file input.txt (compact mmCIF, N, CA and C atoms)
# COMPACT_ATOMS: atom_id res chain seq x y z
N MET O 1 73.43 110.40 14.53
CA MET O 1 73.76 111.10 13.32
C MET O 1 73.35 110.24 12.13
N GLY O 2 72.68 110.83 11.14
CA GLY O 2 72.16 110.10 10.00
C GLY O 2 73.24 109.81 8.98
N SER O 3 72.95 108.86 8.13
CA SER O 3 73.87 108.48 7.06
C SER O 3 73.95 109.59 6.02
N PRO O 4 75.13 109.84 5.45
CA PRO O 4 75.24 110.86 4.40
C PRO O 4 74.60 110.39 3.10
N PHE O 5 74.22 109.13 3.03
CA PHE O 5 73.61 108.59 1.83
C PHE O 5 72.11 108.44 2.03
N ALA O 6 71.36 108.84 1.01
CA ALA O 6 69.90 108.69 1.09
C ALA O 6 69.55 107.22 0.92
N SER O 7 68.42 106.84 1.42
CA SER O 7 67.97 105.46 1.27
C SER O 7 67.63 105.18 -0.19
N ALA O 8 67.61 103.92 -0.55
CA ALA O 8 67.28 103.53 -1.92
C ALA O 8 65.90 104.03 -2.32
N ALA O 9 64.98 104.08 -1.36
CA ALA O 9 63.62 104.53 -1.66
C ALA O 9 63.59 105.99 -2.08
N THR O 10 64.49 106.79 -1.54
CA THR O 10 64.49 108.20 -1.92
C THR O 10 65.33 108.45 -3.15
N LEU O 11 66.21 107.53 -3.49
CA LEU O 11 67.04 107.70 -4.68
C LEU O 11 66.32 107.29 -5.95
N LEU O 12 65.44 106.31 -5.86
CA LEU O 12 64.78 105.82 -7.05
C LEU O 12 63.46 106.52 -7.27
N SER O 13 63.23 106.90 -8.51
CA SER O 13 61.99 107.57 -8.89
C SER O 13 61.35 106.74 -10.00
N PRO O 14 60.49 105.76 -9.67
CA PRO O 14 59.94 104.88 -10.69
C PRO O 14 58.83 105.55 -11.50
N ARG O 15 58.78 105.18 -12.80
CA ARG O 15 57.72 105.63 -13.69
C ARG O 15 57.34 104.45 -14.59
N LEU O 16 56.05 104.26 -14.85
CA LEU O 16 55.58 103.22 -15.73
C LEU O 16 55.32 103.85 -17.09
N LEU O 17 55.98 103.33 -18.13
CA LEU O 17 55.82 103.83 -19.48
C LEU O 17 54.86 102.94 -20.25
N ALA O 18 54.45 103.39 -21.44
CA ALA O 18 53.57 102.60 -22.29
C ALA O 18 54.20 101.25 -22.56
N GLY O 19 53.40 100.22 -22.66
CA GLY O 19 53.88 98.89 -22.93
C GLY O 19 54.35 98.16 -21.70
N GLY O 20 54.16 98.75 -20.52
CA GLY O 20 54.50 98.06 -19.30
C GLY O 20 55.96 98.11 -18.93
N LEU O 21 56.72 99.06 -19.45
CA LEU O 21 58.12 99.18 -19.11
C LEU O 21 58.26 100.10 -17.92
N LEU O 22 58.84 99.59 -16.85
CA LEU O 22 59.02 100.36 -15.64
C LEU O 22 60.42 100.96 -15.66
N VAL O 23 60.50 102.27 -15.53
CA VAL O 23 61.79 102.96 -15.53
C VAL O 23 62.00 103.54 -14.15
N ALA O 24 63.12 103.21 -13.54
CA ALA O 24 63.47 103.77 -12.24
C ALA O 24 64.75 104.57 -12.43
N SER O 25 64.66 105.86 -12.33
CA SER O 25 65.85 106.69 -12.51
C SER O 25 66.49 106.92 -11.16
N CYS O 26 67.78 106.80 -11.13
CA CYS O 26 68.53 106.99 -9.90
C CYS O 26 68.92 108.46 -9.83
N LEU O 27 68.36 109.17 -8.88
CA LEU O 27 68.60 110.59 -8.76
C LEU O 27 70.05 110.87 -8.43
N GLY O 28 70.64 111.81 -9.11
CA GLY O 28 72.00 112.21 -8.84
C GLY O 28 73.03 111.39 -9.59
N ALA O 29 72.71 110.19 -10.01
CA ALA O 29 73.69 109.37 -10.70
C ALA O 29 73.48 109.40 -12.21
N GLY O 30 72.30 109.79 -12.67
CA GLY O 30 72.03 109.89 -14.09
C GLY O 30 71.87 108.55 -14.79
N SER O 31 71.65 107.48 -14.07
CA SER O 31 71.50 106.17 -14.70
C SER O 31 70.05 105.73 -14.64
N LEU O 32 69.71 104.81 -15.51
CA LEU O 32 68.35 104.30 -15.56
C LEU O 32 68.36 102.79 -15.38
N SER O 33 67.35 102.27 -14.74
CA SER O 33 67.15 100.82 -14.63
C SER O 33 65.83 100.50 -15.31
N PHE O 34 65.82 99.45 -16.13
CA PHE O 34 64.61 99.06 -16.83
C PHE O 34 64.14 97.71 -16.31
N VAL O 35 62.87 97.64 -15.98
CA VAL O 35 62.27 96.41 -15.48
C VAL O 35 61.01 96.17 -16.28
N ASN O 36 60.83 94.97 -16.79
CA ASN O 36 59.62 94.66 -17.54
C ASN O 36 58.49 94.43 -16.55
N ALA O 37 57.53 95.36 -16.56
CA ALA O 37 56.38 95.26 -15.67
C ALA O 37 55.11 95.15 -16.50
N ALA O 38 55.19 94.41 -17.61
CA ALA O 38 54.04 94.28 -18.50
C ALA O 38 52.86 93.68 -17.75
N PRO O 39 51.67 94.18 -18.05
CA PRO O 39 50.49 93.65 -17.38
C PRO O 39 50.30 92.16 -17.68
N ALA O 40 49.67 91.45 -16.77
CA ALA O 40 49.45 90.02 -16.93
C ALA O 40 48.62 89.71 -18.16
N ARG O 41 47.72 90.59 -18.55
CA ARG O 41 46.87 90.32 -19.71
C ARG O 41 47.69 90.23 -20.99
N ALA O 42 48.81 90.96 -21.08
CA ALA O 42 49.65 90.90 -22.27
C ALA O 42 50.24 89.51 -22.44
N GLN O 43 50.48 88.83 -21.34
CA GLN O 43 51.04 87.49 -21.41
C GLN O 43 50.00 86.50 -21.91
N ALA O 44 48.74 86.79 -21.72
CA ALA O 44 47.67 85.89 -22.14
C ALA O 44 47.37 86.01 -23.63
N GLU O 45 47.75 87.12 -24.26
CA GLU O 45 47.48 87.33 -25.68
C GLU O 45 48.37 86.42 -26.51
N ALA O 46 47.85 85.99 -27.66
CA ALA O 46 48.63 85.14 -28.54
C ALA O 46 49.81 85.93 -29.09
N PRO O 47 50.97 85.31 -29.16
CA PRO O 47 52.13 86.02 -29.68
C PRO O 47 51.96 86.31 -31.18
N VAL O 48 52.49 87.43 -31.60
CA VAL O 48 52.44 87.82 -33.00
C VAL O 48 53.60 87.13 -33.71
N PRO O 49 53.33 86.44 -34.82
CA PRO O 49 54.42 85.77 -35.54
C PRO O 49 55.47 86.78 -35.99
N PHE O 50 56.72 86.36 -35.94
CA PHE O 50 57.81 87.26 -36.35
C PHE O 50 57.64 87.70 -37.80
N SER O 51 57.08 86.82 -38.65
CA SER O 51 56.87 87.19 -40.05
C SER O 51 55.89 88.36 -40.17
N ALA O 52 54.92 88.45 -39.26
CA ALA O 52 53.96 89.55 -39.28
C ALA O 52 54.62 90.86 -38.91
N VAL O 53 55.52 90.82 -37.94
CA VAL O 53 56.27 92.02 -37.55
C VAL O 53 57.16 92.46 -38.70
N ARG O 54 57.84 91.50 -39.31
CA ARG O 54 58.72 91.80 -40.44
C ARG O 54 57.91 92.38 -41.60
N ALA O 55 56.73 91.81 -41.88
CA ALA O 55 55.88 92.29 -42.97
C ALA O 55 55.42 93.72 -42.72
N LEU O 56 55.01 94.01 -41.49
CA LEU O 56 54.58 95.36 -41.14
C LEU O 56 55.72 96.36 -41.36
N ASN O 57 56.90 96.01 -40.89
CA ASN O 57 58.05 96.91 -41.04
C ASN O 57 58.41 97.12 -42.51
N LEU O 58 58.37 96.05 -43.31
CA LEU O 58 58.68 96.16 -44.72
C LEU O 58 57.63 97.00 -45.44
N ALA O 59 56.36 96.80 -45.14
CA ALA O 59 55.29 97.58 -45.76
C ALA O 59 55.44 99.06 -45.43
N ARG O 60 55.68 99.36 -44.16
CA ARG O 60 55.84 100.75 -43.72
C ARG O 60 57.04 101.41 -44.40
N ASN O 61 58.18 100.74 -44.38
CA ASN O 61 59.39 101.32 -44.97
C ASN O 61 59.29 101.47 -46.48
N THR O 62 58.61 100.55 -47.14
CA THR O 62 58.40 100.66 -48.58
C THR O 62 57.52 101.87 -48.90
N ALA O 63 56.48 102.08 -48.12
CA ALA O 63 55.61 103.24 -48.32
C ALA O 63 56.38 104.54 -48.09
N VAL O 64 57.20 104.58 -47.06
CA VAL O 64 58.00 105.78 -46.77
C VAL O 64 58.91 106.09 -47.96
N GLN O 65 59.60 105.07 -48.47
CA GLN O 65 60.50 105.27 -49.61
C GLN O 65 59.72 105.68 -50.86
N SER O 66 58.57 105.06 -51.08
CA SER O 66 57.76 105.35 -52.28
C SER O 66 57.17 106.75 -52.27
N ASN O 67 57.08 107.34 -51.09
CA ASN O 67 56.45 108.66 -50.96
C ASN O 67 57.43 109.77 -50.59
N GLY O 68 58.71 109.55 -50.85
CA GLY O 68 59.68 110.63 -50.72
C GLY O 68 60.51 110.65 -49.46
N GLY O 69 60.37 109.68 -48.57
CA GLY O 69 61.17 109.63 -47.35
C GLY O 69 60.47 110.30 -46.18
N LEU O 70 61.06 110.12 -45.00
CA LEU O 70 60.44 110.63 -43.77
C LEU O 70 60.39 112.16 -43.72
N GLY O 71 61.19 112.84 -44.47
CA GLY O 71 61.13 114.30 -44.50
C GLY O 71 59.86 114.83 -45.15
N LEU O 72 59.22 113.99 -45.97
CA LEU O 72 58.02 114.40 -46.70
C LEU O 72 56.77 113.62 -46.34
N TYR O 73 56.96 112.44 -45.76
CA TYR O 73 55.82 111.52 -45.60
C TYR O 73 55.92 110.76 -44.29
N ARG O 74 54.77 110.56 -43.66
CA ARG O 74 54.66 109.70 -42.47
C ARG O 74 53.44 108.81 -42.63
N PRO O 75 53.61 107.50 -42.45
CA PRO O 75 52.46 106.59 -42.52
C PRO O 75 51.59 106.69 -41.27
N ASP O 76 50.38 106.18 -41.38
CA ASP O 76 49.43 106.13 -40.26
C ASP O 76 50.09 105.48 -39.05
N LYS O 77 49.70 105.93 -37.86
CA LYS O 77 50.30 105.40 -36.63
C LYS O 77 50.08 103.91 -36.46
N CYS O 78 49.06 103.35 -37.10
CA CYS O 78 48.83 101.91 -37.00
C CYS O 78 49.97 101.12 -37.63
N MET O 79 50.76 101.75 -38.48
CA MET O 79 51.90 101.07 -39.09
C MET O 79 53.11 101.02 -38.15
N PHE O 80 52.97 101.56 -36.97
CA PHE O 80 54.02 101.50 -35.96
C PHE O 80 53.58 100.61 -34.79
N GLU O 81 52.41 99.98 -34.91
CA GLU O 81 51.87 99.11 -33.87
C GLU O 81 52.15 97.66 -34.22
N THR O 82 51.89 96.78 -33.30
CA THR O 82 52.08 95.35 -33.54
C THR O 82 51.17 94.87 -34.66
N ALA O 83 51.68 93.96 -35.47
CA ALA O 83 50.92 93.45 -36.61
C ALA O 83 49.99 92.32 -36.21
N ASN O 84 49.21 92.52 -35.14
CA ASN O 84 48.27 91.48 -34.72
C ASN O 84 46.94 91.66 -35.44
N ALA O 85 46.04 90.76 -35.21
CA ALA O 85 44.74 90.78 -35.91
C ALA O 85 43.94 92.04 -35.62
N GLY O 86 44.21 92.73 -34.52
CA GLY O 86 43.47 93.94 -34.18
C GLY O 86 44.00 95.20 -34.84
N ASN O 87 45.09 95.11 -35.59
CA ASN O 87 45.66 96.30 -36.24
C ASN O 87 44.79 96.70 -37.42
N LYS O 88 44.29 97.94 -37.41
CA LYS O 88 43.37 98.39 -38.46
C LYS O 88 44.03 98.49 -39.83
N CYS O 89 45.36 98.54 -39.90
CA CYS O 89 46.06 98.61 -41.18
C CYS O 89 46.24 97.24 -41.83
N LEU O 90 46.14 96.17 -41.05
CA LEU O 90 46.28 94.82 -41.58
C LEU O 90 44.92 94.35 -42.09
N ILE O 91 44.77 94.31 -43.40
CA ILE O 91 43.50 93.94 -44.02
C ILE O 91 43.32 92.43 -44.03
N SER O 92 44.39 91.70 -44.36
CA SER O 92 44.31 90.25 -44.34
C SER O 92 45.68 89.63 -44.11
N SER O 93 45.62 88.44 -43.54
CA SER O 93 46.82 87.65 -43.28
C SER O 93 46.48 86.21 -43.64
N THR O 94 47.02 85.73 -44.76
CA THR O 94 46.75 84.37 -45.22
C THR O 94 48.07 83.68 -45.55
N SER O 95 47.97 82.45 -46.00
CA SER O 95 49.17 81.73 -46.41
C SER O 95 49.81 82.37 -47.65
N ASP O 96 49.04 83.20 -48.37
CA ASP O 96 49.57 83.91 -49.53
C ASP O 96 50.35 85.16 -49.14
N GLY O 97 50.14 85.65 -47.91
CA GLY O 97 50.87 86.84 -47.47
C GLY O 97 49.99 87.79 -46.68
N TYR O 98 50.51 88.98 -46.53
CA TYR O 98 49.87 90.03 -45.74
C TYR O 98 49.43 91.17 -46.66
N LEU O 99 48.25 91.71 -46.40
CA LEU O 99 47.76 92.87 -47.14
C LEU O 99 47.55 94.00 -46.15
N PHE O 100 48.22 95.12 -46.41
CA PHE O 100 48.09 96.31 -45.58
C PHE O 100 47.46 97.43 -46.40
N ARG O 101 46.58 98.20 -45.76
CA ARG O 101 46.00 99.40 -46.38
C ARG O 101 46.01 100.48 -45.31
N PHE O 102 46.62 101.62 -45.63
CA PHE O 102 46.76 102.67 -44.63
C PHE O 102 46.93 104.03 -45.29
N LEU O 103 46.64 105.04 -44.50
CA LEU O 103 46.78 106.43 -44.95
C LEU O 103 48.15 106.97 -44.55
N GLY O 104 48.50 108.09 -45.13
CA GLY O 104 49.75 108.76 -44.79
C GLY O 104 49.66 110.21 -45.21
N GLY O 105 50.67 110.96 -44.85
CA GLY O 105 50.68 112.37 -45.21
C GLY O 105 51.96 113.04 -44.78
N ALA O 106 51.94 114.34 -44.82
CA ALA O 106 53.11 115.13 -44.43
C ALA O 106 53.40 114.91 -42.94
N PRO O 107 54.66 115.06 -42.53
CA PRO O 107 54.99 114.88 -41.10
C PRO O 107 54.05 115.70 -40.21
N GLY O 108 53.50 115.04 -39.21
CA GLY O 108 52.61 115.69 -38.26
C GLY O 108 51.15 115.69 -38.65
N TRP O 109 50.79 115.08 -39.76
CA TRP O 109 49.41 115.16 -40.22
C TRP O 109 48.42 114.59 -39.20
N GLN O 110 48.75 113.49 -38.56
CA GLN O 110 47.81 112.93 -37.58
C GLN O 110 47.77 113.74 -36.29
N GLN O 111 48.92 114.17 -35.82
CA GLN O 111 48.99 114.92 -34.58
C GLN O 111 48.26 116.27 -34.70
N LEU O 112 48.27 116.84 -35.90
CA LEU O 112 47.62 118.13 -36.14
C LEU O 112 46.19 117.98 -36.66
N ASN O 113 45.71 116.74 -36.71
CA ASN O 113 44.36 116.43 -37.21
C ASN O 113 44.13 116.95 -38.63
N LEU O 114 45.16 116.79 -39.47
CA LEU O 114 45.04 117.16 -40.88
C LEU O 114 44.59 115.95 -41.69
N ALA O 115 44.03 116.21 -42.84
CA ALA O 115 43.60 115.12 -43.72
C ALA O 115 44.82 114.42 -44.30
N ALA O 116 44.70 113.12 -44.47
CA ALA O 116 45.76 112.35 -45.12
C ALA O 116 45.82 112.74 -46.59
N SER O 117 47.01 112.65 -47.17
CA SER O 117 47.17 113.00 -48.58
C SER O 117 47.47 111.77 -49.44
N VAL O 118 47.75 110.64 -48.81
CA VAL O 118 48.12 109.43 -49.54
C VAL O 118 47.44 108.22 -48.90
N GLU O 119 47.00 107.30 -49.74
CA GLU O 119 46.54 105.99 -49.28
C GLU O 119 47.42 104.95 -49.97
N THR O 120 47.86 103.98 -49.20
CA THR O 120 48.73 102.93 -49.74
C THR O 120 48.11 101.57 -49.45
N GLU O 121 48.12 100.72 -50.46
CA GLU O 121 47.71 99.33 -50.30
C GLU O 121 48.87 98.50 -50.82
N ILE O 122 49.42 97.64 -49.95
CA ILE O 122 50.64 96.91 -50.28
C ILE O 122 50.54 95.47 -49.83
N ARG O 123 51.04 94.56 -50.66
CA ARG O 123 51.04 93.13 -50.35
C ARG O 123 52.47 92.68 -50.04
N ILE O 124 52.61 91.91 -48.96
CA ILE O 124 53.90 91.41 -48.49
C ILE O 124 53.82 89.89 -48.42
N SER O 125 54.91 89.21 -48.74
CA SER O 125 54.95 87.74 -48.72
C SER O 125 54.68 87.20 -47.32
N SER O 126 54.29 85.93 -47.25
CA SER O 126 53.92 85.32 -45.97
C SER O 126 55.09 85.21 -45.00
N ASP O 127 56.34 85.24 -45.50
CA ASP O 127 57.49 85.22 -44.60
C ASP O 127 57.90 86.64 -44.19
N GLY O 128 57.23 87.65 -44.77
CA GLY O 128 57.48 89.04 -44.41
C GLY O 128 58.72 89.65 -45.03
N ARG O 129 59.33 88.96 -45.99
CA ARG O 129 60.61 89.40 -46.54
C ARG O 129 60.53 90.08 -47.91
N THR O 130 59.39 89.94 -48.60
CA THR O 130 59.32 90.41 -49.98
C THR O 130 58.05 91.22 -50.23
N VAL O 131 58.21 92.33 -50.94
CA VAL O 131 57.05 93.11 -51.39
C VAL O 131 56.50 92.41 -52.63
N LEU O 132 55.29 91.93 -52.54
CA LEU O 132 54.66 91.26 -53.67
C LEU O 132 54.04 92.26 -54.64
N GLY O 133 53.68 93.41 -54.13
CA GLY O 133 53.13 94.44 -55.00
C GLY O 133 52.57 95.62 -54.22
N ILE O 134 52.65 96.77 -54.83
CA ILE O 134 51.98 97.97 -54.32
C ILE O 134 50.76 98.12 -55.19
N ASP O 135 49.61 97.74 -54.66
CA ASP O 135 48.38 97.75 -55.43
C ASP O 135 47.82 99.15 -55.62
N TYR O 136 48.09 100.03 -54.66
CA TYR O 136 47.61 101.41 -54.78
C TYR O 136 48.51 102.30 -53.93
N ASN O 137 48.86 103.44 -54.47
CA ASN O 137 49.62 104.46 -53.74
C ASN O 137 49.27 105.81 -54.36
N GLY O 138 48.21 106.40 -53.84
CA GLY O 138 47.74 107.65 -54.42
C GLY O 138 46.83 108.39 -53.48
N ALA O 139 46.02 109.27 -54.04
CA ALA O 139 45.09 110.07 -53.24
C ALA O 139 44.14 109.15 -52.49
N PRO O 140 43.79 109.50 -51.25
CA PRO O 140 42.86 108.68 -50.49
C PRO O 140 41.55 108.46 -51.25
N ARG O 141 41.09 107.23 -51.22
CA ARG O 141 39.85 106.87 -51.96
C ARG O 141 38.65 106.98 -51.05

call {"tool": "encode", "arguments": {"input": "input.txt", "output": "structure tokens"}}
result
Amino acid sequence: MGSPFASAATLLSPRLLAGGLLVASCLGAGSLSFVNAAPARAQAEAPVPFSAVRALNLARNTAVQSNGGLGLYRPDKCMFETANAGNKCLISSTSDGYLFRFLGGAPGWQQLNLAASVETEIRISSDGRTVLGIDYNGAPR
């Protein structure tokens, strides 16, 4: 006679999400287990300084506030990515600070392939804590 309990292999339903996060949902129990299964190549990449992450978040949030809030405006998806050298929104990163330039528009503009309605260029301090200036916030140039 078999066990009334299913084996662990049949209870767990693993899925790999973006960023290398492995989610195994336990069927019937409604709980989730998270395991970091990031690819080995991610470990080889240089870490992004915390000040760069802070600067990206400050630049994005300042643009959102300057353009009426999330109900009216969404910045380019690159403003939700890591602030590493490969980010197309990061124009420069020097000892003087960070310079971001990015498009934005009404909610859903990128997903619906609509034209952006706003371009923002913003400077953030090198520690990522202060907005040094909004150099441009207007119609895309």

call {"tool": "closest_residue", "arguments": {"input": "input.txt", "among": "O:Leu114, O:Leu132, O:Asn84, O:Leu99", "to": "Pro47 in chain O", "atoms": "only C-alpha atoms"}}
result
O:Asn84

call {"tool": "residues_around", "arguments": {"input": "input.txt", "residues": "Thr130 in chain O", "least_positions_apart": "3", "cutoff": "8 Å", "atoms": "all atoms listed in the file", "output": "list in words"}}
result
Arg54, Ala55, Leu58, Ala59, Arg123, Ile124, Ser125, Ser126, Asp127 and Gly133 of chain O

call {"tool": "select_by_dssp", "arguments": {"input": "input.txt", "residues": "range 44-103 of chain O", "states": "strand (DSSP E)", "output": "count of residues only"}}
result
14

call {"tool": "closest_atom_pairs", "arguments": {"input": "input.txt", "of": "range 67-89 of chain O", "to": "range 101-112 of chain O", "cutoff": "8 Å", "atoms": "all atoms listed in the file", "output": "JSON lines"}}
result
{"residue": "O:Leu70", "atom": "C", "partner": "O:Pro107", "partner_atom": "N", "distance": 6.5}
{"residue": "O:Gly71", "atom": "C", "partner": "O:Pro107", "partner_atom": "N", "distance": 5.8}
{"residue": "O:Leu72", "atom": "C", "partner": "O:Ala106", "partner_atom": "CA", "distance": 4.4}
{"residue": "O:Tyr73", "atom": "CA", "partner": "O:Gly105", "partner_atom": "C", "distance": 4.2}
{"residue": "O:Arg74", "atom": "N", "partner": "O:Gly105", "partner_atom": "C", "distance": 3.9}
{"residue": "O:Pro75", "atom": "CA", "partner": "O:Gly104", "partner_atom": "CA", "distance": 4.1}
{"residue": "O:Asp76", "atom": "N", "partner": "O:Leu103", "partner_atom": "C", "distance": 4.0}
{"residue": "O:Lys77", "atom": "N", "partner": "O:Leu103", "partner_atom": "C", "distance": 6.9}
{"residue": "O:Cys78", "atom": "C", "partner": "O:Phe102", "partner_atom": "CA", "distance": 7.9}
{"residue": "O:Met79", "atom": "N", "partner": "O:Phe102", "partner_atom": "CA", "distance": 7.4}
{"residue": "O:Lys88", "atom": "C", "partner": "O:Arg101", "partner_atom": "C", "distance": 6.2}
{"residue": "O:Cys89", "atom": "C", "partner": "O:Arg101", "partner_atom": "N", "distance": 4.1}

call {"tool": "closest_residue", "arguments": {"input": "input.txt", "among": "O:Val64, O:Thr120, O:Phe50, O:Ala115", "to": "Phe100 in chain O", "atoms": "all atoms listed in the file"}}
result
O:Thr120

call {"tool": "atom_distance", "arguments": {"input": "input.txt", "atom1": "atom N of Thr94 in chain O", "atom2": "atom N of Val53 in chain O"}}
result
12.0 Å

call {"tool": "atom_distance", "arguments": {"input": "input.txt", "atom1": "CA of Ala116 in chain O", "atom2": "CA of Ala52 in chain O"}}
result
24.9 Å

call {"tool": "residues_near_point", "arguments": {"input": "input.txt", "point": "(46.5, 107.2, -52.4)", "cutoff": "6 Å", "atoms": "all atoms listed in the file", "output": "number ranges by chain"}}
result
O: 117-120, 136-141

call {"tool": "atom_distance", "arguments": {"input": "input.txt", "atom1": "CA of Gly68 in chain O", "atom2": "CA of Ser93 in chain O"}}
result
27.4 Å

call {"tool": "closest_residue", "arguments": {"input": "input.txt", "among": "O:Ala85, O:Tyr98, O:Asn113, O:Ile134", "to": "Leu56 in chain O", "atoms": "only N, CA and C atoms"}}
result
O:Tyr98
